[in-house]
Amino acid sequence: MSQLPPPSPQQREHEEPHENNGALPWYVAALVIALLLFGIVYLWRTTISTPPEWGDGRTVAELQGPSGDAAGGIDGGGIFSARCAACHQATGAGLPGVFPPLAGSEWVQGDSQTLAAAVLHGIQGQLTVKGQVYSGVMPSFAAQLSDAEMAAVLTHIRKSWGNHAAPIGVDVVARVRKATATRTEAYQGEAELHQLKLTP
């Protein structure tokens with residue numbers, strides 16, 4: 001019995017794949033068209049008056065920053081997000097047992113000069129907030145924030161998360177900074193803060 005010659009290399013190869021007229025499945029093309037139409041309609045219907053609760057919850061006034069003598073238009077909320085939110089959280093609730101809350105805090109809503117002094121120079125030691133004792137360290141911001149920036153962030157926390165304390169002006173921060181200029185260490189908890197007597 002005679003043997004057939006082996007097939008040539010060309011005969012062993014499969015046909016080259018080709019797309020013909022079906023390069024893109026119809027359902028993928030339909031999805032792309034639908035997304036494109038959705039984007040056009042979305043942009044056409046979007047306005048700049050979108051309610052703030054659809055975003056991060058800040059009002060137009062908060063985005064514009066405190067006005068008047070409080071901080072000269074500096075965005076206290078932005079400073080808080082950059083400098084304070086990591087510990088005290090964006091909600092002002094802090095972390096239980098670790099970082100005290102600012103929402104409803106008697107220190108935040110209390111004496112403006114004591115609050116300014118605490119943020120300027122920091123706190124180390126026990127601090128009771130809303131009946132819970134915290135033992136930690138808050139850094140000094142005296143070298144990091146100007147008087148206007150300090151006033152803006154202090155005013156922000158006194159007006160946020162249900163707090164309703166009066167704003168803190170640049171003049172208050174400047175006065176406290178000058179009165180405590182010789183201080184080189186953090187306040188030793190609430191014991192020292194309660195004894196703090198600054199010129200009214």
# chains A, B, ... in the order shown; residues from 1 in each chain; ligands from 1
call {"tool": "residues_around", "arguments": {"residues": "Trp107 (chain A)", "least_positions_apart": "5", "cutoff": "12 Å", "atoms": "only C-alpha atoms", "output": "list in words"}}
result
Pro100, Pro101, Leu102, Ser112, Gln113, Thr114, Leu115, Ala116, Ala117, Ala118, Val119, Leu127, Thr128, Val129, Lys130, Gly131, Leu154, Ile157, Arg158, Asn163, Ala165, Gly189, Glu190, Leu193 and His194 of chain A
call {"tool": "select_by_dssp", "arguments": {"residues": "region 61-180 of chain A", "states": "helix (DSSP H, G or I)", "output": "ChimeraX atom specification"}}
result
/A:61-64,76-83,85-88,112-121,147-159,170-179
call {"tool": "closest_residue", "arguments": {"among": "A:Tyr187, A:Ile79, A:Ser105, A:Leu145", "to": "Ala93 (chain A)", "atoms": "only C-alpha atoms"}}
result
A:Ser105
call {"tool": "atom_distance", "arguments": {"atom1": "CA of Ala30 (chain A)", "atom2": "CA of Trp44 (chain A)"}}
result
21.1 Å
call {"tool": "atom_distance", "arguments": {"atom1": "CA of Phe141 (chain A)", "atom2": "CA of Arg83 (chain A)"}}
result
9.2 Å
